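Dropping start_30.txt in here (compact mmCIF, C-alpha atoms and all ligand atoms):
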```
# COMPACT_ATOMS: atom_id res chain seq x y z
CA MET A 1 41.18 -36.08 1.29
CA PHE A 2 43.96 -36.78 3.80
CA ALA A 3 46.57 -35.18 1.54
CA THR A 4 44.65 -31.90 1.57
CA LEU A 5 45.63 -31.55 5.23
CA PHE A 6 49.08 -30.78 3.88
CA GLN A 7 47.76 -28.40 1.22
CA PRO A 8 46.07 -25.71 3.27
CA ALA A 9 44.23 -23.24 1.04
CA SER A 10 43.13 -20.69 3.63
CA PRO A 11 44.76 -18.81 6.52
CA GLN A 12 42.68 -20.93 8.94
CA ALA A 13 43.76 -24.24 7.41
CA LEU A 14 47.35 -22.98 7.30
CA ALA A 15 47.26 -22.24 11.04
CA ILE A 16 45.93 -25.77 11.72
CA SER A 17 48.48 -27.34 9.39
CA GLN A 18 51.35 -25.42 11.01
CA MET A 19 50.26 -26.43 14.47
CA MET A 20 50.02 -30.05 13.36
CA LEU A 21 53.56 -29.94 11.94
CA ILE A 22 55.01 -28.28 15.05
CA VAL A 23 53.34 -30.81 17.38
CA LEU A 24 54.37 -33.64 15.06
CA ALA A 25 58.01 -32.45 15.07
CA LEU A 26 57.96 -32.11 18.84
CA SER A 27 56.49 -35.61 19.21
CA VAL A 28 59.07 -37.13 16.86
CA LEU A 29 61.86 -35.44 18.82
CA ILE A 30 60.53 -36.79 22.14
CA PHE A 31 60.07 -40.25 20.59
CA LEU A 32 63.67 -40.26 19.35
CA ILE A 33 65.05 -39.12 22.72
CA VAL A 34 63.04 -41.70 24.70
CA SER A 35 63.51 -44.66 22.36
CA GLY A 36 67.16 -43.69 21.83
CA GLY A 37 67.71 -43.52 25.60
CA VAL A 38 66.05 -46.91 26.16
CA SER A 39 68.07 -48.51 23.35
CA TRP A 40 71.29 -47.02 24.67
CA ALA A 41 70.55 -48.27 28.21
CA CYS A 42 69.71 -51.76 26.91
CA PHE A 43 72.99 -51.90 25.07
CA ARG A 44 75.17 -50.19 27.66
CA PHE A 45 73.90 -52.20 30.62
CA ARG A 46 73.41 -55.54 28.91
CA GLU A 47 74.42 -58.60 30.91
CA LYS A 48 78.04 -59.62 30.66
CA ASN A 49 79.80 -62.31 32.61
CA SER A 50 82.28 -59.81 33.95
CA THR A 51 79.76 -57.19 35.20
CA PRO A 52 78.45 -57.43 38.72
CA ARG A 53 74.70 -57.03 39.31
CA THR A 54 73.58 -53.38 39.25
CA ARG A 55 72.86 -51.84 42.60
CA ILE A 56 69.14 -50.98 42.87
CA ARG A 57 68.39 -47.38 43.81
CA SER A 58 65.16 -46.51 45.58
CA GLY A 59 64.79 -42.87 44.52
CA ASN A 60 66.35 -39.88 42.87
CA LEU A 61 64.86 -36.47 43.56
CA LYS A 62 66.74 -34.71 40.77
CA LEU A 63 65.57 -37.21 38.16
CA GLU A 64 62.00 -37.10 39.43
CA ILE A 65 61.90 -33.30 39.19
CA THR A 66 63.40 -33.47 35.69
CA TRP A 67 60.83 -35.90 34.33
CA THR A 68 58.00 -33.88 35.84
CA VAL A 69 59.19 -30.49 34.63
CA LEU A 70 60.11 -31.53 31.06
CA PRO A 71 56.65 -32.89 30.14
CA LEU A 72 55.06 -29.88 31.84
CA LEU A 73 57.15 -27.54 29.67
CA THR A 74 56.23 -29.57 26.58
CA LEU A 75 52.53 -29.24 27.40
CA ILE A 76 52.89 -25.50 28.02
CA VAL A 77 54.50 -25.08 24.58
CA MET A 78 51.71 -27.11 22.95
CA PHE A 79 49.05 -25.16 24.84
CA PHE A 80 50.51 -21.94 23.49
CA PHE A 81 50.29 -23.19 19.90
CA VAL A 82 46.75 -24.51 20.37
CA VAL A 83 45.50 -21.20 21.75
CA LYS A 84 47.24 -19.33 18.93
CA THR A 85 45.60 -21.62 16.36
CA MET A 86 42.17 -21.28 17.97
CA HIS A 87 42.52 -17.51 17.70
CA ALA A 88 43.25 -17.82 13.98
CA VAL A 89 40.48 -20.31 13.29
CA ASP A 90 37.50 -19.54 15.53
CA PRO A 91 35.40 -16.41 15.34
CA PRO A 92 35.26 -14.40 18.59
CA SER A 93 32.23 -15.34 20.68
CA GLY A 94 30.53 -11.99 20.07
CA GLU A 95 30.51 -12.32 16.29
CA ARG A 96 27.15 -13.76 15.29
CA ASP A 97 26.10 -12.02 12.06
CA ALA A 98 26.50 -15.02 9.76
CA ASP A 99 27.20 -14.65 6.03
CA ILE A 100 26.31 -18.26 5.35
CA ILE A 101 24.04 -20.60 7.30
CA ILE A 102 24.74 -24.27 6.72
CA THR A 103 22.33 -26.89 8.03
CA GLY A 104 23.13 -30.58 8.14
CA HIS A 105 20.24 -32.86 7.20
CA GLN A 106 20.03 -36.63 6.81
CA TRP A 107 21.76 -36.76 4.26
CA TRP A 108 22.46 -33.48 2.58
CA TRP A 109 23.58 -29.94 3.35
CA GLU A 110 21.36 -26.89 3.15
CA VAL A 111 23.31 -23.75 2.30
CA ARG A 112 21.75 -20.36 2.85
CA TYR A 113 23.13 -16.87 2.21
CA PRO A 114 20.81 -14.73 4.37
CA LYS A 115 22.17 -11.39 3.17
CA ALA A 116 21.96 -12.27 -0.52
CA GLN A 117 18.72 -14.27 -0.09
CA VAL A 118 20.19 -17.29 -1.81
CA LEU A 119 19.26 -20.86 -0.93
CA THR A 120 21.11 -23.85 -2.35
CA ALA A 121 22.22 -27.33 -1.36
CA ASN A 122 25.37 -29.42 -1.18
CA GLU A 123 27.56 -26.75 -2.72
CA ILE A 124 29.06 -23.64 -1.21
CA HIS A 125 30.15 -20.77 -3.40
CA LEU A 126 32.75 -18.37 -2.05
CA SER A 127 34.52 -15.36 -3.39
CA ALA A 128 38.30 -15.90 -3.16
CA GLY A 129 40.08 -13.98 -0.41
CA ILE A 130 36.96 -13.10 1.55
CA ARG A 131 36.40 -14.39 5.07
CA TYR A 132 32.86 -15.64 5.64
CA LEU A 133 31.29 -16.19 9.01
CA VAL A 134 29.39 -19.48 8.88
CA ARG A 135 26.66 -20.55 11.26
CA LEU A 136 26.39 -24.30 11.42
CA GLU A 137 23.16 -26.01 12.44
CA SER A 138 21.53 -29.41 12.24
CA ALA A 139 17.94 -30.28 11.44
CA ASP A 140 18.04 -33.78 12.91
CA VAL A 141 21.09 -35.59 14.33
CA ILE A 142 24.70 -34.57 14.88
CA HIS A 143 26.64 -34.12 11.66
CA ASP A 144 30.19 -32.88 11.29
CA PHE A 145 31.23 -30.28 8.75
CA TRP A 146 34.70 -30.73 7.34
CA ILE A 147 36.49 -29.18 4.39
CA PRO A 148 40.09 -30.20 5.16
CA ALA A 149 41.78 -27.76 2.80
CA LEU A 150 39.86 -24.77 4.12
CA ALA A 151 38.68 -25.02 7.70
CA ARG A 152 38.53 -26.87 10.96
CA LYS A 153 36.22 -29.80 11.52
CA ILE A 154 33.17 -28.76 13.52
CA ASP A 155 29.97 -30.49 14.63
CA ALA A 156 26.53 -29.49 13.41
CA VAL A 157 24.39 -29.96 16.50
CA PRO A 158 20.57 -29.86 16.71
CA ASP A 159 19.30 -26.78 18.57
CA HIS A 160 22.78 -25.36 19.03
CA ALA A 161 24.51 -23.13 16.50
CA ASN A 162 28.27 -23.40 16.02
CA TYR A 163 30.31 -20.77 14.23
CA LEU A 164 33.40 -20.96 12.07
CA TYR A 165 35.27 -18.95 9.50
CA LEU A 166 35.33 -20.14 5.91
CA GLU A 167 37.81 -18.59 3.54
CA ALA A 168 39.88 -19.61 0.52
CA ASN A 169 42.99 -17.96 -0.87
CA GLN A 170 42.48 -19.08 -4.41
CA VAL A 171 39.91 -19.90 -7.01
CA GLY A 172 39.28 -23.65 -7.19
CA ILE A 173 37.16 -26.59 -6.13
CA TYR A 174 37.48 -28.00 -2.64
CA GLU A 175 35.83 -31.14 -1.35
CA GLY A 176 34.13 -31.61 1.97
CA VAL A 177 32.40 -34.40 3.85
CA CYS A 178 30.27 -35.15 6.84
CA ALA A 179 32.73 -36.48 9.41
CA GLU A 180 30.36 -37.78 12.08
CA PHE A 181 28.45 -41.01 11.57
CA CYS A 182 24.84 -39.88 11.11
CA GLY A 183 23.00 -42.85 9.66
CA THR A 184 22.77 -45.02 6.56
CA GLN A 185 23.92 -42.42 4.07
CA HIS A 186 26.56 -40.72 6.21
CA ALA A 187 29.04 -41.37 3.40
CA GLY A 188 26.61 -39.83 0.91
CA MET A 189 26.87 -36.36 2.44
CA ARG A 190 29.48 -34.78 0.23
CA LEU A 191 30.04 -31.07 -0.05
CA ARG A 192 31.53 -29.14 -2.91
CA VAL A 193 33.08 -25.74 -2.37
CA GLU A 194 33.47 -23.64 -5.46
CA VAL A 195 35.75 -20.68 -4.91
CA GLN A 196 35.28 -18.04 -7.59
CA THR A 197 36.67 -14.67 -8.56
CA PRO A 198 34.66 -11.79 -7.05
CA ASP A 199 33.04 -11.17 -10.45
CA ASP A 200 32.07 -14.79 -11.00
CA PHE A 201 30.75 -15.01 -7.47
CA LYS A 202 28.56 -11.96 -8.05
CA LYS A 203 27.26 -13.53 -11.24
CA TRP A 204 26.46 -16.74 -9.41
CA VAL A 205 24.58 -14.86 -6.68
CA ALA A 206 22.65 -12.96 -9.35
CA SER A 207 21.80 -16.20 -11.16
CA GLN A 208 20.48 -17.73 -7.94
CA SER A 209 18.44 -14.68 -7.04
CA LYS A 210 16.54 -14.46 -10.32
CA ALA A 211 12.86 -15.26 -10.32
CA PRO A 212 12.53 -18.73 -11.79
CA HIS A 213 11.14 -19.11 -15.28
CA SER A 214 7.52 -20.03 -15.58
CA PRO A 215 7.44 -23.18 -17.65
CA GLN A 216 6.47 -22.58 -21.26
CA SER A 217 6.72 -25.87 -23.11
CA PRO A 218 3.76 -28.27 -22.87
CA LEU A 219 6.07 -30.93 -21.41
CA ALA A 220 7.33 -28.62 -18.67
CA LEU A 221 3.77 -27.49 -17.91
CA GLU A 222 2.79 -31.13 -17.59
CA GLY A 223 5.78 -31.56 -15.25
CA GLU A 224 4.56 -28.70 -13.08
CA LYS A 225 1.21 -30.47 -12.67
CA ILE A 226 2.88 -33.75 -11.76
CA PHE A 227 5.14 -31.91 -9.30
CA GLN A 228 2.05 -30.69 -7.46
CA GLN A 229 0.08 -33.95 -7.72
CA LYS A 230 2.92 -36.13 -6.45
CA THR A 231 3.27 -33.99 -3.33
CA CYS A 232 6.91 -33.16 -4.07
CA LEU A 233 6.27 -29.90 -2.21
CA ASN A 234 5.76 -31.73 1.07
CA CYS A 235 9.54 -32.06 1.24
CA HIS A 236 11.07 -29.76 -1.36
CA SER A 237 10.62 -26.01 -1.36
CA LEU A 238 10.32 -24.07 -4.57
CA ASN A 239 10.71 -20.31 -4.42
CA SER A 240 8.23 -19.93 -7.20
CA MET A 241 5.50 -21.53 -5.14
CA GLY A 242 6.33 -19.92 -1.84
CA ALA A 243 6.69 -23.23 -0.03
CA THR A 244 9.29 -23.45 2.70
CA GLU A 245 9.50 -27.07 3.81
CA ALA A 246 13.08 -28.26 4.09
CA ILE A 247 13.12 -32.03 4.38
CA GLY A 248 14.82 -32.22 1.00
CA PRO A 249 16.77 -29.55 -0.87
CA ASP A 250 15.11 -26.53 -2.47
CA LEU A 251 14.68 -27.33 -6.15
CA THR A 252 14.32 -23.88 -7.70
CA PHE A 253 17.86 -23.87 -9.07
CA VAL A 254 18.53 -27.59 -8.96
CA ALA A 255 19.51 -27.61 -12.64
CA THR A 256 22.40 -25.21 -11.97
CA ARG A 257 24.05 -27.48 -9.38
CA LYS A 258 26.94 -29.77 -10.13
CA THR A 259 25.75 -32.90 -8.33
CA LEU A 260 22.56 -34.71 -7.36
CA GLY A 261 21.83 -36.52 -4.10
CA SER A 262 24.61 -34.68 -2.24
CA GLY A 263 27.39 -35.84 -4.51
CA VAL A 264 26.24 -39.33 -5.51
CA LEU A 265 25.50 -38.41 -9.16
CA LYS A 266 26.80 -35.81 -11.57
CA ASN A 267 23.98 -33.44 -12.35
CA SER A 268 22.60 -33.73 -15.88
CA PRO A 269 19.06 -34.06 -17.24
CA GLU A 270 19.77 -37.76 -17.93
CA ASN A 271 20.96 -38.41 -14.39
CA LEU A 272 18.06 -36.41 -12.94
CA ALA A 273 15.73 -38.74 -14.84
CA LYS A 274 17.57 -41.80 -13.47
CA TRP A 275 17.41 -40.38 -9.96
CA LEU A 276 13.65 -39.73 -10.22
CA ALA A 277 13.10 -43.27 -11.54
CA ASN A 278 14.61 -44.76 -8.39
CA PRO A 279 16.49 -42.60 -5.87
CA GLN A 280 17.07 -45.66 -3.65
CA LYS A 281 19.20 -47.25 -6.35
CA PHE A 282 21.77 -44.47 -6.17
CA LYS A 283 21.46 -43.62 -2.49
CA PRO A 284 20.03 -46.57 -0.55
CA GLY A 285 18.19 -45.31 2.52
CA VAL A 286 17.70 -41.78 1.19
CA LEU A 287 14.52 -40.23 2.57
CA MET A 288 13.17 -39.64 -0.95
CA PRO A 289 10.91 -42.57 -1.79
CA ASN A 290 10.54 -44.22 -5.16
CA PHE A 291 7.38 -42.66 -6.53
CA GLN A 292 7.03 -45.36 -9.22
CA LEU A 293 6.86 -42.64 -11.87
CA SER A 294 6.24 -43.59 -15.47
CA GLU A 295 8.81 -42.68 -18.10
CA LYS A 296 6.48 -39.99 -19.42
CA GLU A 297 6.05 -38.47 -15.97
CA ILE A 298 9.80 -38.46 -15.42
CA ALA A 299 10.42 -36.73 -18.76
CA ALA A 300 7.86 -34.07 -17.85
CA LEU A 301 9.33 -33.53 -14.36
CA VAL A 302 12.85 -33.23 -15.76
CA ALA A 303 11.64 -30.72 -18.36
CA TYR A 304 9.96 -28.73 -15.59
CA LEU A 305 12.93 -28.73 -13.19
CA GLU A 306 15.42 -27.95 -15.94
CA ALA A 307 13.25 -25.05 -17.14
CA LEU A 308 12.92 -23.41 -13.72
CA PRO A 309 16.25 -21.61 -13.28
CA GLY A 310 17.08 -18.48 -15.24
CA GLY A 311 18.37 -21.04 -17.69
CA SER A 312 18.29 -21.73 -21.37
CA THR A 313 15.60 -24.40 -21.69
CA PRO A 314 12.30 -22.71 -22.48
CU1 LIG B 1 25.93 -36.33 8.29
CU2 LIG B 1 27.51 -38.03 8.72
```
Structure re-expressed in structure tokens:
Amino acid sequence: MFATLFQPASPQALAISQMMLIVLALSVLIFLIVSGGVSWACFRFREKNSTPRTRIRSGNLKLEITWTVLPLLTLIVMFFFVVKTMHAVDPPSGERDADIIITGHQWWWEVRYPKAQVLTANEIHLSAGIRYLVRLESADVIHDFWIPALARKIDAVPDHANYLYLEANQVGIYEGVCAEFCGTQHAGMRLRVEVQTPDDFKKWVASQSKAPHSPQSPLALEGEKIFQQKTCLNCHSLNSMGATEAIGPDLTFVATRKTLGSGVLKNSPENLAKWLANPQKFKPGVLMPNFQLSEKEIAALVAYLEALPGGSTP
């Protein structure tokens, strides 16, 4: 993750990376001058039998002005670079028409595309080369949104929206994390950014906008019943049922996502079954309780959830 600071993959990350390198170079230069000067003085004025004691001076106006003005100039130069970087990275205060709304939850990320009417979780899809305005919110405590290769680190604060630009030069996968301690599963709040070609991105949006399948197989139909009986809908929304609660992620297209539990498990029907059997085993402290489901119930729920997206399973 740290290395990605040196592999900026967006104009915003490049601006941050450049500023970091300039400030780092400046700091190294100052360090060398100061430590070099001290070393030289230690050596040059070391005690020798022949040298008389140095006369102590009580003040030197020229020197005092020099060591006041030099740091001031250094700070002015740094200030200039910081303001330049902020211009490159932060949206102007008037720009508020967000393309993506990201909400931090304990302990997962809700990702909403208001214009495309897409709702997903823990993964952000972007079209390469396009600059997105992101509105960042929190549903509970302070989280911190950070995708080092793409954008600045910025807090997700309850009742206060923050804005940032998200953009990627190239197709690829970029990792992100929550960077503010937010409770037991702070470390289990991973984010995955999938940057796609414009065509692939359009396809993804279309796939996430489709009306979900109605379950056909007896097993999936059984799963639908269990889903309602076990009050899954109290926390998870499902487009097909018109529910809108957002304590846990929307599950309409859960089968199309790459991870489960915000990055703790690779998403597959087998892992979904394991997760349902005991979410606490994979993510201790997660707000999803262990429902003590039987193996049969789990198989039915998996069949149901896997059948929902415009997917292949009937
Ligand atoms: Cu959310 Cu740390």
For this session: Measure the distance from atom CA of A:Val118 to atom CA of A:Gln280 in Å and round it to one decimal.
Result: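 That distance, rounded to one decimal, is 28.6 Å.
One finds atom CA of A:Leu164 at 20.6 Å from atom CA of A:Phe79.
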For this session: Name the residues, by chain letter and number, that sit within 12 Å of ligand LIG 1 (chain B) using only C-alpha atoms and all ligand atoms, and give them as a PyMOL selection string.
Result: chain A and resi 103-110+122+137-146+154-158+176-191+262
For this session: Can you work out the spacing between atom CA of A:Arg112 and atom CA of A:Val205 in Å, to one decimal?
Result: 11.4 Å
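Comparing A:Ser207, A:Asn278, A:Gln18, A:Ser10 by their smallest distance to A:Ala128, the closest is A:Ser10 (using all atoms listed in the file).
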Problem set entry | Which of A:Ser93, A:Gly36, A:Lys258, A:Val69 sits closest to A:Ile124 [using all atoms listed in the file] | A:Lys258
Seminar exercise, completed: Counting only C-alpha atoms, closest pick from A:Leu166, A:Ile56, A:Leu150, A:Ala98 relative to A:Ala116 is A:Ala98
Would you compute an axis-aligned box for stretch 219-223 of chain A, covering every atom listed for it in the file with 6 Å of margin on each side, and report centre and edge lengths in Å to one decimal as AutoDock Vina command-line options?
```
--center_x 5.1 --center_y -29.5 --center_z -18.3 --size_x 16.5 --size_y 16.1 --size_z 18.2
```
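For stretch 290-296 of chain A, the list of residues within 7 Å, based on all atoms listed in the file and with local chain neighbours fewer than 2 positions off taken out, reads Ala277, Asn278, Pro279, Gln280, Met288, Ile298, Ala299 and Ala300 of chain A.
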Completion step: stretch 218-229 of chain A with N, CA, C and O atoms as a compact mmCIF listing (two decimals), in the coordinates of the input:
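Below is the file that was written, selection29.txt:
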```txt
# COMPACT_ATOMS: atom_id res chain seq x y z
N PRO A 218 4.83 -27.39 -23.37
CA PRO A 218 3.76 -28.27 -22.87
C PRO A 218 4.30 -29.34 -21.93
O PRO A 218 3.67 -29.66 -20.91
N LEU A 219 5.48 -29.87 -22.24
CA LEU A 219 6.07 -30.93 -21.41
C LEU A 219 6.37 -30.40 -20.00
O LEU A 219 6.06 -31.04 -18.99
N ALA A 220 6.98 -29.21 -19.97
CA ALA A 220 7.33 -28.62 -18.67
C ALA A 220 6.07 -28.27 -17.89
O ALA A 220 6.02 -28.43 -16.66
N LEU A 221 5.04 -27.81 -18.58
CA LEU A 221 3.77 -27.49 -17.91
C LEU A 221 3.15 -28.75 -17.32
O LEU A 221 2.62 -28.73 -16.20
N GLU A 222 3.26 -29.83 -18.07
CA GLU A 222 2.79 -31.13 -17.59
C GLU A 222 3.58 -31.51 -16.32
O GLU A 222 3.02 -31.98 -15.33
N GLY A 223 4.91 -31.26 -16.39
CA GLY A 223 5.78 -31.56 -15.25
C GLY A 223 5.38 -30.77 -14.02
O GLY A 223 5.40 -31.29 -12.90
N GLU A 224 4.98 -29.52 -14.21
CA GLU A 224 4.56 -28.70 -13.08
C GLU A 224 3.34 -29.33 -12.40
O GLU A 224 3.25 -29.39 -11.17
N LYS A 225 2.42 -29.83 -13.22
CA LYS A 225 1.21 -30.47 -12.67
C LYS A 225 1.58 -31.70 -11.85
O LYS A 225 1.09 -31.89 -10.73
N ILE A 226 2.47 -32.52 -12.45
CA ILE A 226 2.88 -33.75 -11.76
C ILE A 226 3.58 -33.39 -10.45
O ILE A 226 3.39 -34.02 -9.41
N PHE A 227 4.41 -32.35 -10.49
CA PHE A 227 5.14 -31.91 -9.30
C PHE A 227 4.17 -31.63 -8.16
O PHE A 227 4.42 -31.96 -7.01
N GLN A 228 3.04 -31.01 -8.50
CA GLN A 228 2.05 -30.69 -7.46
C GLN A 228 1.26 -31.93 -7.05
O GLN A 228 1.03 -32.15 -5.86
N GLN A 229 0.89 -32.76 -8.03
CA GLN A 229 0.08 -33.95 -7.72
C GLN A 229 0.85 -34.94 -6.85
O GLN A 229 0.31 -35.57 -5.96
```
